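Visitor: Take a look at this one; I'll ask things after.
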Amino acid sequence: MSTPENALSVATTEIEFRKALDAVYENIAAAAERAGRNPADIRLLPVSKTVAEERMRAAFAAGMTAFGENKVQEAQRKAEAMADLGAHWAIIGPLQSNKTRNVAEFAHQFQALDRIRIAGRLDQQLQEFNRTLEVFVQVNASGEETKSGIEPGEVEDFLEQLQAFKNLEVKGLMTMALHSDDEAVIRKCFTTLRDIRDDLSHRRPALIGDGELSMGMSNDYMLAIEEGATVVRVGSALFGERDYSN
C-alpha cells in the first residue's frame, strides 16, 4: 500500500521538513477524524535511520524532537553528537545481547522487546546507570515466520514475567503489519494487536502500562490510526528516500 504523502525528494532544510511534517500531521488528523478519535491522542515518532546529523538538526528545528532508530550504534553516535538538543531516542529494531548496555546507557525507549533474556540484561544494566527505560513488547501479529515478536497467545505470560524488572517501564505493545496491497490484510494485523491490548486492559490492566499501541509506518500509518494506533513510526514520508550507501 502506498500513501500520497510519500516523499519523492529528500528534505534538507527546516522549511522543507516543516512542509513534510505538516503533510503527515494532516493525514494523522484525517485518519483520526474517520475513526472518531482525537488527533492529540496519536504520537508521531520520526524514524531517522541513515539520516545524517545535519539533516536531523534541521528536522529538530522543524519540530521533530524524538527520533526512532533501528541500529543501536548509529543511534548512540547520533545521540552523543546531538546531545545539546535534548532529543528523545527510541530504538525500534531488534536488540542483540551485546548491545543492551549501550541502550541502557542512552536510550529513552525500546520498542522491540520480545525476549526475557534481553529484558533481564537491560534491567540489570539500567540499575548500574540509575536509569529507567520505556519498553513496548513486540508482537508478531501478522504470523510471518520472518517477523520478530512474540506470538499473540504468549503476550500475557510475557508481560507477567516483565513485572520482575523494576527499571523497565511497560508502555504498551508494538507490531509490524504484513507488507501488502490488501488493506484488509493490513488491518487484520492492527486489529489483532488492538484486541490483545483491549483484553488485557480489561482483565489485567497493571500488566499493560499505558496500553499504547505502536503500529503503522509510512506506507500504512493512516490505516493503523483508524484501527487504534497511539504511536506511528514514520520515516520516508518525512525524510524521503533512504541512503544506504554508507
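Following the order of the C-alpha cells, first chain is A, next is B, and so on, with residues numbered from 1 inside each chain and ligands from 1 in the order they appear.
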With the cut-off set at 8 Å and counting only C-alpha atoms, tabulate each residue of region 45-151 of chain A with an atom at most that distance from an atom of region 18-34 of chain A, showing the nearest atom pair and its distance in Å to one decimal, ordered by chain and increasing number, as a tab-separated table.
Guide:
residue	atom	partner	partner_atom	distance
A:Ala59	CA	A:Arg18	CA	7.7
A:Ala62	CA	A:Arg18	CA	5.1
A:Gly63	CA	A:Arg18	CA	7.4
Visitor: What would the file look like if the residues just selected were written as a tab-separated table (two decimals), in the first residue's frame with C-alpha atoms?
Guide:
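What landed in result_19.tsv:
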chain	number	residue	atom	x	y	z
A	59	ALA	CA	14.29	18.27	11.33
A	62	ALA	CA	11.16	21.99	12.35
A	63	GLY	CA	9.58	20.30	15.36
Visitor: Just the residues within 9 Å of Phe60 (chain A), please, counting only C-alpha atoms, with nothing from its chain fewer than 3 positions along; format it as a count of residues only.
Guide: 11
Visitor: Write out as a list of chain:residue names each polymer residue whose atoms come within 8 Å of Gly211 (chain A), counting only C-alpha atoms; drop sequence neighbours fewer than 5 positions from it.
Guide: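 Counting only C-alpha atoms, the residues come to A:Lys171, A:Gly172, A:Leu173, A:Arg197, A:Ser201.
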Visitor: How would the residues just picked look written out with N, CA, C and O atoms as a PDB file, in the first residue's frame?
Guide:
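Contents of the output file again05.pdb:
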ATOM      1  N   LYS A 171       5.096   0.371  28.335  1.00  0.00           N
ATOM      2  CA  LYS A 171       4.205   1.395  27.782  1.00  0.00           C
ATOM      3  C   LYS A 171       3.057   0.798  26.980  1.00  0.00           C
ATOM      4  O   LYS A 171       1.997   1.404  26.853  1.00  0.00           O
ATOM      5  N   GLY A 172       3.308  -0.382  26.400  1.00  0.00           N
ATOM      6  CA  GLY A 172       2.272  -0.986  25.577  1.00  0.00           C
ATOM      7  C   GLY A 172       2.838  -2.027  24.632  1.00  0.00           C
ATOM      8  O   GLY A 172       3.832  -2.683  24.940  1.00  0.00           O
ATOM      9  N   LEU A 173       2.216  -2.161  23.464  1.00  0.00           N
ATOM     10  CA  LEU A 173       2.558  -3.199  22.506  1.00  0.00           C
ATOM     11  C   LEU A 173       2.931  -2.587  21.160  1.00  0.00           C
ATOM     12  O   LEU A 173       2.471  -1.502  20.799  1.00  0.00           O
ATOM     13  N   ARG A 197      -4.552  -5.811  23.388  1.00  0.00           N
ATOM     14  CA  ARG A 197      -4.475  -4.694  24.334  1.00  0.00           C
ATOM     15  C   ARG A 197      -5.792  -4.506  25.078  1.00  0.00           C
ATOM     16  O   ARG A 197      -5.819  -4.344  26.308  1.00  0.00           O
ATOM     17  N   SER A 201      -6.282  -4.824  28.996  1.00  0.00           N
ATOM     18  CA  SER A 201      -6.690  -3.608  29.721  1.00  0.00           C
ATOM     19  C   SER A 201      -7.918  -3.868  30.576  1.00  0.00           C
ATOM     20  O   SER A 201      -8.092  -3.262  31.642  1.00  0.00           O
TER      21      SER A 201
END
Visitor: Pull the strand (DSSP E) assignments for region 17-234 of chain A out of DSSP run on the backbone, and list those residues as a PDB file with N, CA, C and O atoms, in the first residue's frame.
Guide:
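As a result, selection.pdb now contains:
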ATOM      1  N   ARG A  43       0.716   9.907  18.733  1.00  0.00           N
ATOM      2  CA  ARG A  43       2.073  10.461  18.756  1.00  0.00           C
ATOM      3  C   ARG A  43       2.843  10.011  17.522  1.00  0.00           C
ATOM      4  O   ARG A  43       2.836   8.834  17.158  1.00  0.00           O
ATOM      5  N   LEU A  44       3.525  10.953  16.912  1.00  0.00           N
ATOM      6  CA  LEU A  44       4.361  10.683  15.740  1.00  0.00           C
ATOM      7  C   LEU A  44       5.793  10.440  16.184  1.00  0.00           C
ATOM      8  O   LEU A  44       6.378  11.267  16.882  1.00  0.00           O
ATOM      9  N   LEU A  45       6.360   9.299  15.773  1.00  0.00           N
ATOM     10  CA  LEU A  45       7.767   9.020  16.022  1.00  0.00           C
ATOM     11  C   LEU A  45       8.504   9.029  14.688  1.00  0.00           C
ATOM     12  O   LEU A  45       8.400   8.079  13.909  1.00  0.00           O
ATOM     13  N   PRO A  46       9.245  10.091  14.383  1.00  0.00           N
ATOM     14  CA  PRO A  46      10.020  10.141  13.142  1.00  0.00           C
ATOM     15  C   PRO A  46      11.136   9.091  13.176  1.00  0.00           C
ATOM     16  O   PRO A  46      11.879   8.998  14.153  1.00  0.00           O
ATOM     17  N   ALA A  66      11.787  13.890  18.751  1.00  0.00           N
ATOM     18  CA  ALA A  66      12.037  12.481  19.062  1.00  0.00           C
ATOM     19  C   ALA A  66      12.432  11.770  17.779  1.00  0.00           C
ATOM     20  O   ALA A  66      11.938  12.110  16.694  1.00  0.00           O
ATOM     21  N   PHE A  67      13.310  10.791  17.902  1.00  0.00           N
ATOM     22  CA  PHE A  67      13.764  10.048  16.731  1.00  0.00           C
ATOM     23  C   PHE A  67      13.802   8.557  17.036  1.00  0.00           C
ATOM     24  O   PHE A  67      14.234   8.143  18.114  1.00  0.00           O
ATOM     25  N   GLY A  68      13.359   7.770  16.062  1.00  0.00           N
ATOM     26  CA  GLY A  68      13.431   6.325  16.170  1.00  0.00           C
ATOM     27  C   GLY A  68      14.530   5.797  15.271  1.00  0.00           C
ATOM     28  O   GLY A  68      14.657   6.218  14.123  1.00  0.00           O
ATOM     29  N   GLU A  69      15.342   4.892  15.797  1.00  0.00           N
ATOM     30  CA  GLU A  69      16.467   4.335  15.059  1.00  0.00           C
ATOM     31  C   GLU A  69      16.450   2.807  15.164  1.00  0.00           C
ATOM     32  O   GLU A  69      16.127   2.250  16.207  1.00  0.00           O
ATOM     33  N   HIS A  88      14.678  12.984  22.229  1.00  0.00           N
ATOM     34  CA  HIS A  88      14.236  11.711  22.795  1.00  0.00           C
ATOM     35  C   HIS A  88      14.597  10.614  21.790  1.00  0.00           C
ATOM     36  O   HIS A  88      14.274  10.709  20.609  1.00  0.00           O
ATOM     37  N   TRP A  89      15.267   9.547  22.264  1.00  0.00           N
ATOM     38  CA  TRP A  89      15.764   8.497  21.370  1.00  0.00           C
ATOM     39  C   TRP A  89      15.072   7.165  21.642  1.00  0.00           C
ATOM     40  O   TRP A  89      15.056   6.692  22.774  1.00  0.00           O
ATOM     41  N   ALA A  90      14.522   6.584  20.584  1.00  0.00           N
ATOM     42  CA  ALA A  90      13.848   5.294  20.687  1.00  0.00           C
ATOM     43  C   ALA A  90      14.528   4.288  19.763  1.00  0.00           C
ATOM     44  O   ALA A  90      14.762   4.577  18.581  1.00  0.00           O
ATOM     45  N   ILE A  91      14.850   3.120  20.295  1.00  0.00           N
ATOM     46  CA  ILE A  91      15.352   2.024  19.478  1.00  0.00           C
ATOM     47  C   ILE A  91      14.148   1.199  19.052  1.00  0.00           C
ATOM     48  O   ILE A  91      13.380   0.719  19.901  1.00  0.00           O
ATOM     49  N   GLN A 109      13.723   4.843  25.088  1.00  0.00           N
ATOM     50  CA  GLN A 109      12.640   3.915  24.793  1.00  0.00           C
ATOM     51  C   GLN A 109      13.164   2.778  23.907  1.00  0.00           C
ATOM     52  O   GLN A 109      14.045   2.977  23.069  1.00  0.00           O
ATOM     53  N   PHE A 110      12.602   1.588  24.114  1.00  0.00           N
ATOM     54  CA  PHE A 110      12.910   0.424  23.286  1.00  0.00           C
ATOM     55  C   PHE A 110      11.590  -0.201  22.863  1.00  0.00           C
ATOM     56  O   PHE A 110      10.802  -0.632  23.693  1.00  0.00           O
ATOM     57  N   GLN A 111      11.355  -0.248  21.556  1.00  0.00           N
ATOM     58  CA  GLN A 111      10.040  -0.657  21.065  1.00  0.00           C
ATOM     59  C   GLN A 111      10.005  -2.063  20.484  1.00  0.00           C
ATOM     60  O   GLN A 111       9.023  -2.421  19.831  1.00  0.00           O
ATOM     61  N   ALA A 112      11.016  -2.864  20.712  1.00  0.00           N
ATOM     62  CA  ALA A 112      11.034  -4.196  20.087  1.00  0.00           C
ATOM     63  C   ALA A 112      11.399  -5.285  21.084  1.00  0.00           C
ATOM     64  O   ALA A 112      12.125  -6.220  20.765  1.00  0.00           O
ATOM     65  N   LEU A 113      10.889  -5.194  22.297  1.00  0.00           N
ATOM     66  CA  LEU A 113      11.222  -6.170  23.321  1.00  0.00           C
ATOM     67  C   LEU A 113      10.423  -7.452  23.102  1.00  0.00           C
ATOM     68  O   LEU A 113       9.190  -7.441  23.118  1.00  0.00           O
ATOM     69  N   LEU A 133      13.855   2.662  31.531  1.00  0.00           N
ATOM     70  CA  LEU A 133      13.678   2.601  30.085  1.00  0.00           C
ATOM     71  C   LEU A 133      12.232   2.243  29.767  1.00  0.00           C
ATOM     72  O   LEU A 133      11.694   1.259  30.284  1.00  0.00           O
ATOM     73  N   GLU A 134      11.608   3.059  28.934  1.00  0.00           N
ATOM     74  CA  GLU A 134      10.266   2.726  28.452  1.00  0.00           C
ATOM     75  C   GLU A 134      10.378   1.591  27.441  1.00  0.00           C
ATOM     76  O   GLU A 134      11.255   1.610  26.567  1.00  0.00           O
ATOM     77  N   VAL A 135       9.481   0.606  27.528  1.00  0.00           N
ATOM     78  CA  VAL A 135       9.529  -0.514  26.592  1.00  0.00           C
ATOM     79  C   VAL A 135       8.143  -0.820  26.035  1.00  0.00           C
ATOM     80  O   VAL A 135       7.130  -0.679  26.723  1.00  0.00           O
ATOM     81  N   PHE A 136       8.142  -1.232  24.772  1.00  0.00           N
ATOM     82  CA  PHE A 136       6.971  -1.785  24.114  1.00  0.00           C
ATOM     83  C   PHE A 136       7.277  -3.246  23.809  1.00  0.00           C
ATOM     84  O   PHE A 136       8.368  -3.564  23.329  1.00  0.00           O
ATOM     85  N   VAL A 137       6.352  -4.122  24.062  1.00  0.00           N
ATOM     86  CA  VAL A 137       6.524  -5.537  23.744  1.00  0.00           C
ATOM     87  C   VAL A 137       6.126  -5.754  22.282  1.00  0.00           C
ATOM     88  O   VAL A 137       5.012  -5.406  21.875  1.00  0.00           O
ATOM     89  N   GLN A 138       7.050  -6.315  21.506  1.00  0.00           N
ATOM     90  CA  GLN A 138       6.772  -6.552  20.093  1.00  0.00           C
ATOM     91  C   GLN A 138       6.019  -7.863  19.926  1.00  0.00           C
ATOM     92  O   GLN A 138       6.432  -8.918  20.413  1.00  0.00           O
ATOM     93  N   LEU A 168      12.334  -1.333  33.988  1.00  0.00           N
ATOM     94  CA  LEU A 168      11.650  -1.318  32.698  1.00  0.00           C
ATOM     95  C   LEU A 168      10.220  -0.826  32.904  1.00  0.00           C
ATOM     96  O   LEU A 168       9.490  -1.354  33.742  1.00  0.00           O
ATOM     97  N   GLU A 169       9.845   0.186  32.146  1.00  0.00           N
ATOM     98  CA  GLU A 169       8.501   0.749  32.249  1.00  0.00           C
ATOM     99  C   GLU A 169       7.702   0.343  31.013  1.00  0.00           C
ATOM    100  O   GLU A 169       7.921   0.870  29.917  1.00  0.00           O
ATOM    101  N   VAL A 170       6.794  -0.595  31.180  1.00  0.00           N
ATOM    102  CA  VAL A 170       5.991  -1.079  30.048  1.00  0.00           C
ATOM    103  C   VAL A 170       5.013   0.014  29.615  1.00  0.00           C
ATOM    104  O   VAL A 170       4.211   0.513  30.417  1.00  0.00           O
ATOM    105  N   LYS A 171       5.096   0.371  28.335  1.00  0.00           N
ATOM    106  CA  LYS A 171       4.205   1.395  27.782  1.00  0.00           C
ATOM    107  C   LYS A 171       3.057   0.798  26.980  1.00  0.00           C
ATOM    108  O   LYS A 171       1.997   1.404  26.853  1.00  0.00           O
ATOM    109  N   GLY A 172       3.308  -0.382  26.400  1.00  0.00           N
ATOM    110  CA  GLY A 172       2.272  -0.986  25.577  1.00  0.00           C
ATOM    111  C   GLY A 172       2.838  -2.027  24.632  1.00  0.00           C
ATOM    112  O   GLY A 172       3.832  -2.683  24.940  1.00  0.00           O
ATOM    113  N   LEU A 173       2.216  -2.161  23.464  1.00  0.00           N
ATOM    114  CA  LEU A 173       2.558  -3.199  22.506  1.00  0.00           C
ATOM    115  C   LEU A 173       2.931  -2.587  21.160  1.00  0.00           C
ATOM    116  O   LEU A 173       2.471  -1.502  20.799  1.00  0.00           O
ATOM    117  N   MET A 174       3.751  -3.312  20.416  1.00  0.00           N
ATOM    118  CA  MET A 174       4.175  -2.866  19.079  1.00  0.00           C
ATOM    119  C   MET A 174       4.042  -4.014  18.098  1.00  0.00           C
ATOM    120  O   MET A 174       4.213  -5.179  18.469  1.00  0.00           O
ATOM    121  N   GLU A 212      -0.447   1.630  25.279  1.00  0.00           N
ATOM    122  CA  GLU A 212      -0.217   2.241  23.975  1.00  0.00           C
ATOM    123  C   GLU A 212      -0.062   1.180  22.889  1.00  0.00           C
ATOM    124  O   GLU A 212       0.315   0.035  23.153  1.00  0.00           O
ATOM    125  N   LEU A 213      -0.341   1.573  21.661  1.00  0.00           N
ATOM    126  CA  LEU A 213      -0.183   0.693  20.506  1.00  0.00           C
ATOM    127  C   LEU A 213       0.713   1.379  19.491  1.00  0.00           C
ATOM    128  O   LEU A 213       0.326   2.376  18.880  1.00  0.00           O
ATOM    129  N   SER A 214       1.928   0.872  19.338  1.00  0.00           N
ATOM    130  CA  SER A 214       2.848   1.407  18.330  1.00  0.00           C
ATOM    131  C   SER A 214       2.711   0.554  17.083  1.00  0.00           C
ATOM    132  O   SER A 214       3.182  -0.589  17.035  1.00  0.00           O
ATOM    133  N   VAL A 231       0.859   5.393  18.591  1.00  0.00           N
ATOM    134  CA  VAL A 231       2.178   5.813  18.124  1.00  0.00           C
ATOM    135  C   VAL A 231       2.347   5.293  16.701  1.00  0.00           C
ATOM    136  O   VAL A 231       2.084   4.123  16.429  1.00  0.00           O
ATOM    137  N   VAL A 232       2.758   6.178  15.792  1.00  0.00           N
ATOM    138  CA  VAL A 232       3.056   5.755  14.422  1.00  0.00           C
ATOM    139  C   VAL A 232       4.519   6.072  14.130  1.00  0.00           C
ATOM    140  O   VAL A 232       5.018   7.137  14.469  1.00  0.00           O
ATOM    141  N   ARG A 233       5.201   5.122  13.497  1.00  0.00           N
ATOM    142  CA  ARG A 233       6.627   5.233  13.225  1.00  0.00           C
ATOM    143  C   ARG A 233       6.812   5.578  11.751  1.00  0.00           C
ATOM    144  O   ARG A 233       6.701   4.711  10.889  1.00  0.00           O
ATOM    145  N   VAL A 234       7.081   6.843  11.475  1.00  0.00           N
ATOM    146  CA  VAL A 234       7.085   7.334  10.090  1.00  0.00           C
ATOM    147  C   VAL A 234       8.486   7.791   9.697  1.00  0.00           C
ATOM    148  O   VAL A 234       9.078   8.641  10.366  1.00  0.00           O
TER     149      VAL A 234
END
Visitor: If we count only C-alpha atoms and set the cut-off at 12 Å, which residues sit around Thr175 (chain A), ignoring sequence neighbours fewer than 5 positions away in its own chain? Please answer as a PDB file with C-alpha atoms, in the first residue's frame.
Guide:
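This went into selection30.pdb:
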ATOM      1  CA  ILE A  92      12.763   0.365  17.267  1.00  0.00           C
ATOM      2  CA  GLY A  93      14.732  -2.571  15.827  1.00  0.00           C
ATOM      3  CA  GLN A 111      10.040  -0.657  21.065  1.00  0.00           C
ATOM      4  CA  ALA A 112      11.034  -4.196  20.087  1.00  0.00           C
ATOM      5  CA  LEU A 113      11.222  -6.170  23.321  1.00  0.00           C
ATOM      6  CA  ASP A 114      10.428  -9.834  22.703  1.00  0.00           C
ATOM      7  CA  PHE A 136       6.971  -1.785  24.114  1.00  0.00           C
ATOM      8  CA  VAL A 137       6.524  -5.537  23.744  1.00  0.00           C
ATOM      9  CA  GLN A 138       6.772  -6.552  20.093  1.00  0.00           C
ATOM     10  CA  VAL A 139       4.046  -8.939  18.959  1.00  0.00           C
ATOM     11  CA  ASN A 140       4.090 -10.939  15.742  1.00  0.00           C
ATOM     12  CA  ALA A 141       0.513 -10.079  14.852  1.00  0.00           C
ATOM     13  CA  SER A 142       0.988 -10.982  11.181  1.00  0.00           C
ATOM     14  CA  GLY A 143       2.040 -14.571  11.805  1.00  0.00           C
ATOM     15  CA  GLU A 144       5.012 -14.272   9.453  1.00  0.00           C
ATOM     16  CA  LYS A 147       8.944 -11.306  11.633  1.00  0.00           C
ATOM     17  CA  SER A 148      10.299 -10.680  15.107  1.00  0.00           C
ATOM     18  CA  GLY A 149       7.973 -10.608  18.080  1.00  0.00           C
ATOM     19  CA  ILE A 150       6.229 -12.974  20.438  1.00  0.00           C
ATOM     20  CA  GLU A 151       3.101 -14.862  19.468  1.00  0.00           C
ATOM     21  CA  PRO A 152      -0.262 -13.274  20.387  1.00  0.00           C
ATOM     22  CA  ILE A 186      -3.020  -4.955   6.898  1.00  0.00           C
ATOM     23  CA  ARG A 187      -5.943  -4.001   9.109  1.00  0.00           C
ATOM     24  CA  LYS A 188      -6.111  -7.552  10.478  1.00  0.00           C
ATOM     25  CA  CYS A 189      -2.567  -7.184  11.864  1.00  0.00           C
ATOM     26  CA  PHE A 190      -3.531  -3.962  13.598  1.00  0.00           C
ATOM     27  CA  THR A 191      -6.859  -5.197  14.958  1.00  0.00           C
ATOM     28  CA  THR A 192      -5.146  -8.293  16.344  1.00  0.00           C
ATOM     29  CA  LEU A 193      -2.831  -6.107  18.428  1.00  0.00           C
ATOM     30  CA  ARG A 194      -5.657  -3.820  19.481  1.00  0.00           C
ATOM     31  CA  ILE A 196      -4.900  -8.113  22.725  1.00  0.00           C
ATOM     32  CA  ARG A 197      -4.475  -4.694  24.334  1.00  0.00           C
ATOM     33  CA  GLU A 212      -0.217   2.241  23.975  1.00  0.00           C
ATOM     34  CA  LEU A 213      -0.183   0.693  20.506  1.00  0.00           C
ATOM     35  CA  SER A 214       2.848   1.407  18.330  1.00  0.00           C
ATOM     36  CA  MET A 215       1.844   0.345  14.836  1.00  0.00           C
ATOM     37  CA  GLY A 216       1.934   1.810  11.370  1.00  0.00           C
ATOM     38  CA  MET A 217       4.763   3.116   9.200  1.00  0.00           C
ATOM     39  CA  TYR A 221       0.095   4.594   9.304  1.00  0.00           C
ATOM     40  CA  ALA A 224      -3.083   1.940  11.803  1.00  0.00           C
ATOM     41  CA  ALA A 229      -2.602   3.212  16.946  1.00  0.00           C
ATOM     42  CA  VAL A 231       2.178   5.813  18.124  1.00  0.00           C
ATOM     43  CA  VAL A 232       3.056   5.755  14.422  1.00  0.00           C
ATOM     44  CA  ARG A 233       6.627   5.233  13.225  1.00  0.00           C
TER      45      ARG A 233
END
Visitor: Nearest to Pro39 (chain A) among A:Glu128, A:Glu226, A:Glu241, A:Glu105, with distances taken over only C-alpha atoms: which residue is it?
Guide: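 Ranked by minimum distance to Pro39 (chain A), first place goes to A:Glu226.
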Visitor: List every residue of region 10-190 of chain A that DSSP, applied to the backbone, labels as alpha helix (DSSP H), and write the result as a ChimeraX atom specification.
Guide: /A:14-34,53-62,72-81,100-106,116-129,155-162,183-190
Visitor: Just the residues within 10 Å of Val51 (chain A), please, counting only C-alpha atoms, with nothing from its chain fewer than 5 positions along; format it as a PyMOL selection string.
Guide: chain A and resi 56+69+74+78+235+239-244
Visitor: Using only C-alpha atoms, please write the residues we just selected to a file, as a CSV table (one decimal), in the first residue's frame.
Guide:
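Saved to selection_14.csv:
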chain,number,residue,atom,x,y,z
A,56,MET,CA,18.3,15.7,11.7
A,69,GLU,CA,16.5,4.3,15.1
A,74,GLU,CA,24.0,4.6,14.7
A,78,LYS,CA,23.8,10.5,16.8
A,235,GLY,CA,10.3,7.6,8.2
A,239,PHE,CA,12.8,12.2,5.4
A,240,GLY,CA,12.5,11.0,1.8
A,241,GLU,CA,14.2,8.0,0.2
A,242,ARG,CA,16.8,6.3,2.3
A,243,ASP,CA,20.5,6.4,1.6
A,244,TYR,CA,22.0,3.0,2.3
Visitor: To one decimal place, how far is CA of Asp210 (chain A) from CA of Gln163 (chain A) in Å?
Guide: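 CA of Asp210 (chain A) sits 14.3 Å away from CA of Gln163 (chain A).
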Visitor: Got a sec: who's within 10 Å of Thr132 (chain A), counting only C-alpha atoms, leaving out chain neighbours fewer than 5 positions off, as a list in words?
Guide: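 My list of contacting residues is Ala104, Glu105, Ala107, His108, Gln109, Leu122, Asp123, Gln125, Leu126, Gln127, Lys166, Asn167, Leu168 and Glu169 of chain A.
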Visitor: Interatomic distance between CA of Thr146 (chain A) and CA of Arg101 (chain A)?
Guide: 26.1 Å
Visitor: With distances taken over only C-alpha atoms, which residue among A:Val155, A:Ala206, A:Met222, A:Leu238 lies nearest Val47 (chain A)?
Guide: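 Among the listed residues, the smallest separation from Val47 (chain A) belongs to A:Leu238.
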Visitor: One decimal, Å: what's the distance from CA of Asn70 (chain A) over to CA of Phe158 (chain A), could you say?
Guide: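 Computing it gives 22.7 Å between the two atoms.
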